[in-house]
>>> print(open('entry.tsv').read())   # TSV, C-alpha atoms and all ligand atoms
chain	number	residue	atom	x	y	z
A	574	MET	CA	115.05	-57.68	8.67
A	575	LEU	CA	115.92	-55.82	5.43
A	576	LEU	CA	118.62	-57.20	3.10
A	577	CYS	CA	119.95	-55.65	-0.11
A	578	ASP	CA	122.16	-57.06	-2.89
A	579	ILE	CA	123.40	-54.16	-5.02
A	580	GLY	CA	124.63	-55.10	-8.51
A	581	ASN	CA	125.42	-53.02	-11.58
A	582	THR	CA	121.79	-52.82	-12.60
A	583	SER	CA	119.61	-53.15	-9.53
A	584	TYR	CA	119.21	-52.87	-5.79
A	585	HIS	CA	117.65	-56.25	-4.96
A	586	PHE	CA	115.84	-56.05	-1.61
A	587	LEU	CA	114.48	-58.81	0.63
A	588	ASP	CA	112.06	-57.43	3.22
A	589	ALA	CA	110.86	-60.25	5.51
A	590	ASP	CA	109.54	-62.63	2.80
A	591	GLU	CA	108.99	-60.13	-0.03
A	592	ASP	CA	111.73	-59.42	-2.60
A	593	TYR	CA	111.76	-56.49	-5.03
A	594	LYS	CA	114.21	-54.54	-7.22
A	595	GLU	CA	115.04	-50.84	-7.64
A	596	ASP	CA	117.10	-49.38	-10.49
A	597	VAL	CA	120.65	-48.36	-9.45
A	598	LYS	CA	120.31	-45.29	-11.67
A	599	THR	CA	117.30	-43.83	-9.87
A	600	PHE	CA	117.05	-45.33	-6.37
A	601	ASN	CA	117.98	-43.04	-3.43
A	602	PRO	CA	119.38	-45.03	-0.45
A	603	ALA	CA	118.50	-42.09	1.85
A	604	SER	CA	114.86	-43.15	1.42
A	605	ILE	CA	115.54	-46.17	3.64
A	606	LYS	CA	115.33	-45.26	7.34
A	607	GLU	CA	115.54	-48.72	8.96
A	608	ASN	CA	118.73	-50.82	9.23
A	609	VAL	CA	119.58	-52.59	5.97
A	610	TYR	CA	122.27	-55.24	5.64
A	611	TYR	CA	123.83	-55.07	2.20
A	612	ILE	CA	126.53	-56.18	-0.23
A	613	CYS	CA	127.53	-54.02	-3.18
A	614	VAL	CA	129.68	-54.78	-6.24
A	615	GLU	CA	129.50	-51.26	-7.68
A	616	PRO	CA	132.46	-49.24	-6.27
A	617	ASN	CA	130.91	-45.73	-6.49
A	618	THR	CA	127.63	-46.85	-4.93
A	619	LYS	CA	129.59	-48.67	-2.20
A	620	LYS	CA	131.45	-45.42	-1.39
A	621	SER	CA	128.24	-43.37	-1.37
A	622	LEU	CA	126.66	-45.75	1.15
A	623	LEU	CA	129.38	-45.14	3.75
A	624	LYS	CA	127.61	-41.97	4.92
A	625	PHE	CA	124.46	-43.89	5.94
A	626	SER	CA	124.95	-45.49	9.37
A	627	ASN	CA	121.82	-47.64	8.87
A	628	TRP	CA	123.32	-49.27	5.74
A	629	ILE	CA	125.46	-52.10	7.13
A	630	ASP	CA	128.04	-53.64	4.76
A	631	LEU	CA	128.29	-57.42	5.26
A	632	SER	CA	131.42	-57.81	3.13
A	633	GLU	CA	133.65	-57.25	6.16
A	634	LYS	CA	132.26	-60.47	7.69
A	635	ILE	CA	133.60	-62.72	4.91
A	636	ASN	CA	136.53	-65.05	5.62
A	637	MET	CA	138.52	-64.12	2.51
A	638	SER	CA	140.97	-67.04	2.84
A	639	ASN	CA	138.93	-69.11	0.31
A	640	TYR	CA	138.58	-66.28	-2.21
A	641	TYR	CA	140.73	-63.80	-4.15
A	642	ASN	CA	140.91	-60.12	-3.22
A	643	THR	CA	139.22	-58.61	-6.27
A	644	MET	CA	136.44	-61.23	-6.44
A	645	GLY	CA	132.94	-59.78	-6.58
A	646	ILE	CA	131.20	-59.89	-3.18
A	647	ASP	CA	128.05	-61.16	-4.93
A	648	ARG	CA	129.98	-64.19	-6.19
A	649	ILE	CA	131.53	-64.80	-2.76
A	650	VAL	CA	128.21	-64.60	-0.91
A	651	ALA	CA	126.54	-66.90	-3.45
A	652	CYS	CA	129.37	-69.43	-2.96
A	653	GLU	CA	128.87	-69.22	0.82
A	654	ALA	CA	125.30	-70.44	0.29
A	655	VAL	CA	126.27	-73.59	-1.67
A	656	GLN	CA	127.97	-76.86	-0.59
A	657	ASN	CA	128.30	-78.51	-4.02
A	658	GLY	CA	127.36	-77.06	-7.36
A	659	VAL	CA	127.90	-74.62	-10.19
A	660	ILE	CA	126.36	-71.21	-9.54
A	661	ILE	CA	125.29	-69.20	-12.59
A	662	ASP	CA	124.38	-65.64	-11.55
A	663	ALA	CA	122.86	-64.10	-14.68
A	664	GLY	CA	122.89	-60.36	-14.09
A	665	SER	CA	124.56	-57.42	-15.84
A	666	ALA	CA	127.39	-59.94	-16.19
A	667	ILE	CA	126.97	-63.70	-15.97
A	668	THR	CA	129.21	-65.18	-13.31
A	669	VAL	CA	129.88	-68.92	-13.07
A	670	ASP	CA	131.40	-70.29	-9.86
A	671	VAL	CA	132.15	-73.85	-8.79
A	672	VAL	CA	131.89	-74.95	-5.15
A	673	LYS	CA	132.96	-78.44	-4.01
A	674	ASP	CA	132.43	-79.55	-0.38
A	675	GLY	CA	131.84	-75.93	0.59
A	676	VAL	CA	135.11	-74.72	-0.96
A	677	PHE	CA	135.29	-72.27	-3.88
A	678	GLN	CA	137.15	-74.02	-6.77
A	679	GLY	CA	137.23	-71.04	-9.13
A	680	GLY	CA	134.95	-69.37	-11.64
A	681	PHE	CA	134.67	-67.11	-14.65
A	682	ILE	CA	132.83	-64.03	-15.91
A	683	TYR	CA	130.75	-63.98	-19.10
A	684	PRO	CA	128.92	-61.04	-20.72
A	685	GLY	CA	125.36	-60.59	-19.44
A	686	CYS	CA	122.41	-61.27	-21.78
A	687	ARG	CA	121.60	-57.60	-22.33
A	688	ALA	CA	125.26	-56.57	-22.70
A	689	MET	CA	125.89	-59.33	-25.26
A	690	SER	CA	122.75	-58.47	-27.17
A	691	PHE	CA	124.00	-54.89	-27.51
A	692	THR	CA	127.43	-56.19	-28.61
A	693	TYR	CA	125.93	-58.10	-31.54
A	694	LYS	CA	123.72	-55.13	-32.52
A	695	ASN	CA	126.74	-52.80	-32.42
A	696	ILE	CA	128.69	-55.06	-34.80
A	697	SER	CA	126.01	-54.91	-37.51
A	698	SER	CA	122.29	-54.33	-37.96
A	699	ALA	CA	122.31	-57.79	-39.61
A	700	LEU	CA	122.81	-59.18	-36.09
A	701	ASP	CA	119.96	-57.22	-34.51
A	702	TYR	CA	117.95	-60.15	-33.07
A	703	GLU	CA	116.73	-61.13	-29.61
A	704	PHE	CA	118.47	-64.30	-28.46
A	705	ASN	CA	116.51	-67.52	-29.08
A	706	TYR	CA	116.52	-69.15	-25.64
A	707	ASP	CA	114.46	-72.06	-27.02
A	708	LEU	CA	117.41	-72.94	-29.25
A	709	ASP	CA	118.18	-76.62	-29.95
A	710	THR	CA	121.75	-76.70	-28.63
A	711	LYS	CA	122.31	-80.07	-30.37
A	712	LYS	CA	121.90	-78.67	-33.90
A	713	LEU	CA	124.22	-76.31	-35.75
A	714	PRO	CA	122.31	-73.13	-36.63
A	715	LYS	CA	121.05	-72.41	-40.17
A	716	ASN	CA	119.59	-68.94	-39.56
A	717	SER	CA	120.99	-65.62	-38.30
A	718	GLN	CA	119.08	-65.45	-35.03
A	719	ASP	CA	120.25	-68.93	-34.01
A	720	ALA	CA	123.74	-68.19	-35.27
A	721	ILE	CA	124.18	-65.48	-32.63
A	722	SER	CA	122.15	-67.36	-30.01
A	723	TYR	CA	124.24	-70.51	-30.39
A	724	GLY	CA	127.46	-68.47	-30.52
A	725	TYR	CA	126.59	-66.87	-27.19
A	726	LEU	CA	124.63	-69.52	-25.29
A	727	LYS	CA	125.97	-72.91	-26.47
A	728	LEU	CA	129.54	-72.08	-25.49
A	729	LEU	CA	128.44	-71.20	-21.95
A	730	TYR	CA	126.18	-74.28	-21.83
A	731	SER	CA	128.94	-76.71	-22.98
A	732	GLU	CA	131.43	-75.32	-20.48
A	733	VAL	CA	129.05	-75.50	-17.52
A	734	ILE	CA	127.65	-79.00	-18.19
A	735	SER	CA	131.21	-80.30	-18.58
A	736	TYR	CA	131.61	-79.98	-14.79
A	737	LYS	CA	128.88	-82.66	-14.30
A	738	MET	CA	127.64	-80.93	-11.11
A	739	PRO	CA	124.25	-79.61	-9.93
A	740	ILE	CA	123.56	-76.19	-11.52
A	741	ILE	CA	121.96	-73.34	-9.53
A	742	LEU	CA	120.65	-70.36	-11.52
A	743	THR	CA	120.13	-66.92	-9.96
A	744	GLY	CA	120.03	-63.26	-11.08
A	745	GLY	CA	117.74	-61.19	-13.30
A	746	ASP	CA	118.07	-63.51	-16.29
A	747	ALA	CA	117.88	-66.82	-14.41
A	748	ASN	CA	114.50	-67.72	-15.93
A	749	LEU	CA	115.79	-67.01	-19.45
A	750	LEU	CA	118.84	-69.25	-19.00
A	751	LYS	CA	116.64	-71.92	-17.40
A	752	LYS	CA	115.38	-72.60	-20.96
A	753	ILE	CA	118.93	-73.61	-21.91
A	754	PHE	CA	119.95	-75.22	-18.62
A	755	VAL	CA	116.78	-77.31	-18.28
A	756	ASP	CA	118.10	-79.38	-15.33
A	757	ALA	CA	119.21	-76.30	-13.35
A	758	LYS	CA	117.50	-75.19	-10.15
A	759	VAL	CA	116.43	-71.51	-10.15
A	760	ASN	CA	116.96	-69.81	-6.79
A	761	ASP	CA	116.34	-66.06	-6.98
A	762	ARG	CA	117.18	-65.69	-3.30
A	763	LEU	CA	120.52	-67.55	-3.26
A	764	ILE	CA	122.53	-64.43	-2.43
A	765	PHE	CA	120.14	-63.56	0.42
A	766	GLU	CA	120.69	-67.09	1.81
A	767	GLY	CA	124.43	-66.42	1.81
A	768	MET	CA	123.94	-62.99	3.42
A	769	LYS	CA	121.80	-64.44	6.24
A	770	LYS	CA	124.67	-66.80	7.14
A	771	LEU	CA	126.85	-63.71	7.75
A	772	ILE	CA	124.47	-61.90	10.11
A	801	LIG	N1	120.75	-51.24	-18.40
A	801	LIG	C1	120.87	-52.56	-18.12
A	801	LIG	N2	122.10	-53.11	-17.97
A	801	LIG	C2	122.23	-54.42	-17.68
A	801	LIG	N3	121.19	-55.26	-17.51
A	801	LIG	C3	119.95	-54.74	-17.65
A	801	LIG	C4	119.72	-53.38	-17.95
A	801	LIG	N4	118.39	-53.15	-18.00
A	801	LIG	C5	117.80	-54.32	-17.75
A	801	LIG	N5	118.73	-55.27	-17.57
A	801	LIG	C6	118.42	-56.60	-17.24
A	801	LIG	O1	118.53	-56.55	-15.79
A	801	LIG	C7	118.88	-57.73	-15.34
A	801	LIG	C8	120.17	-57.61	-14.55
A	801	LIG	O2	120.03	-58.64	-13.62
A	801	LIG	P1	120.17	-58.29	-12.09
A	801	LIG	O3	120.48	-59.58	-11.45
A	801	LIG	O4	119.04	-57.49	-11.61
A	801	LIG	O5	121.41	-57.31	-12.18
A	801	LIG	P2	122.67	-57.05	-11.29
A	801	LIG	O6	122.81	-58.16	-10.30
A	801	LIG	O7	123.78	-57.01	-12.31
A	801	LIG	O8	122.39	-55.70	-10.69
A	801	LIG	C9	119.07	-58.64	-16.52
A	801	LIG	O9	117.81	-59.24	-16.83
A	801	LIG	C10	119.36	-57.69	-17.64
A	801	LIG	O10	119.06	-58.25	-18.88
A	802	LIG	C1	131.29	-59.62	-12.33
A	802	LIG	C2	130.42	-58.68	-11.53
A	802	LIG	C3	130.46	-57.29	-12.12
A	802	LIG	C4	128.98	-59.22	-11.57
A	802	LIG	O1	128.13	-58.25	-11.02
A	802	LIG	P1	126.56	-58.13	-11.44
A	802	LIG	O2	126.37	-58.87	-12.72
A	802	LIG	O3	125.83	-58.75	-10.30
A	802	LIG	O4	126.31	-56.66	-11.57
A	802	LIG	C5	130.89	-58.65	-10.04
A	802	LIG	O5	130.95	-59.98	-9.56
A	802	LIG	C6	132.26	-58.00	-9.91
A	802	LIG	O6	132.35	-56.79	-9.86
A	802	LIG	N1	133.35	-58.82	-9.85
A	802	LIG	C7	134.69	-58.29	-9.69
A	802	LIG	C8	135.69	-59.06	-10.53
A	802	LIG	C9	135.80	-60.53	-10.17
A	802	LIG	O7	134.83	-61.10	-9.60
A	802	LIG	O8	136.89	-61.13	-10.45
A	803	K	K	125.97	-61.56	-11.86
>>> encode(input="entry.tsv", output="structure tokens", more="lines below")
Ligand SMILES: Nc1ncnc2c1ncn2[C@@H]1O[C@H](COP(=O)(O)OP(=O)(O)O)[C@@H](O)[C@H]1O
Ligand SMILES: CC(C)(COP(=O)(O)O)[C@@H](O)C(=O)NCCC(=O)O
Ligand SMILES: [K+]
Amino acid sequence: MLLCDIGNTSYHFLDADEDYKEDVKTFNPASIKENVYYICVEPNTKKSLLKFSNWIDLSEKINMSNYYNTMGIDRIVACEAVQNGVIIDAGSAITVDVVKDGVFQGGFIYPGCRAMSFTYKNISSALDYEFNYDLDTKKLPKNSQDAISYGYLKLLYSEVISYKMPIILTGGDANLLKKIFVDAKVNDRLIFEGMKKLI
């Protein structure tokens, strides 16, 4: 069975037990001939997929009573895969969603690592640093690289650990954020687990 989670950066495929990514800018969905069950957060891509009868949109199978209408389908499907925990999906955007006893409690959207890195660079060349993911979040920064790293990462970290719940990391930057959220569990296939429950 072929599954695909389409975000704002990549088509993330799961084919049997292999997962791989294609760039949304270059991948041609017509190249897939077999049936593929998908979810898609990108409105234009979602529209373009309607003409392919072998691309089957799983979003129609969601019971929306626990969610809000404009909520990203990636967030919803990730929540469907979790009973209790905080889900951090670190992709083009970072989404944080809380699930308690299988019920979505709410969540928020934070700039993705790459997007935020560009934001700092665009403010001033004096802020042109890669984030320091090995940052000591217990110490106030005394250098420029840590000043932007702490400003971006510590605020997210403090908010998420305040929920005192298990943390599940997924998305393209999960392994980067794992350096900050040391007790988190990385599950790159969380969304596929949620999708399988819908088929
Ligand atoms: N042009 C880009 N825009 C956003 N993220 C990008 C880009 N190029 C590479 N990345 C990286 O791609 C990953 C996006 O994560 P992924 O989960 O694949 O994306 P999404 O679910 O948003 O499609 C992140 O590691 C991000 O830093
Ligand atoms: C926030 C997102 C863009 C994240 O998508 P991704 O980072 O996977 O590309 C997506 O969940 C979305 O389009 N959400 C709609 C707004 C909302 O969830 O309230
Ligand atoms: K995301």
>>> residues_near_ligand(input="entry.tsv", ligand="ligand K 803 (chain A)", cutoff="8 Å", atoms="only C-alpha atoms and all ligand atoms", output="list in words")
Gly580, Asp647, Arg648, Ile661, Asp662, Ala663, Gly664, Ser665, Ala666, Ile667, Thr668, Gly685 and Gly744 of chain A
>>> residues_near_ligand(input="entry.tsv", ligand="ligand LIG 801 (chain A)", cutoff="10 Å", atoms="all atoms listed in the file", output="PyMOL selection string")
chain A and resi 578-585+593-598+613-615+647+662-668+684-691+743-749+761
>>> closest_residue(input="entry.tsv", among="A:Leu726, A:Val676, A:Val759, A:Ile660", to="A:Asn636", atoms="only C-alpha atoms")
A:Val676
>>> residues_around(input="entry.tsv", residues="A:Leu708", least_positions_apart="4", cutoff="12 Å", atoms="only C-alpha atoms", output="list in words")
Glu703, Phe704, Lys712, Leu713, Pro714, Lys715, Asn716, Gln718, Asp719, Ala720, Ile721, Ser722, Tyr723, Gly724, Tyr725, Leu726, Lys727, Tyr730, Leu749, Leu750, Lys751, Lys752, Ile753, Phe754 and Val755 of chain A
>>> residues_around(input="entry.tsv", residues="A:Glu607", least_positions_apart="2", cutoff="7 Å", atoms="only C-alpha atoms", output="ChimeraX atom specification")
/A:605,609,627
>>> closest_residue(input="entry.tsv", among="A:Met768, A:Leu729, A:Ile740, A:Ile649", to="A:Asp756", atoms="only C-alpha atoms")
A:Ile740
>>> closest_residue(input="entry.tsv", among="A:Cys577, A:Cys652, A:Val669, A:Leu622", to="A:Phe765", atoms="all atoms listed in the file")
A:Cys577
>>> closest_residue(input="entry.tsv", among="A:Asn601, A:Ser632, A:Ser698, A:Thr710", to="A:Thr618", atoms="only C-alpha atoms")
A:Asn601
>>> atom_distance(input="entry.tsv", atom1="atom CA of A:Gly767", atom2="atom CA of A:Val650")
5.0 Å
>>> atom_distance(input="entry.tsv", atom1="atom CA of A:Ile629", atom2="atom CA of A:Tyr610")
4.7 Å
>>> residues_around(input="entry.tsv", residues="A:Asp670", least_positions_apart="3", cutoff="6 Å", atoms="only C-alpha atoms", output="PyMOL selection string")
chain A and resi 659-660+679-680
>>> atom_distance(input="entry.tsv", atom1="atom CA of A:Leu575", atom2="atom CA of A:Phe600")
15.8 Å
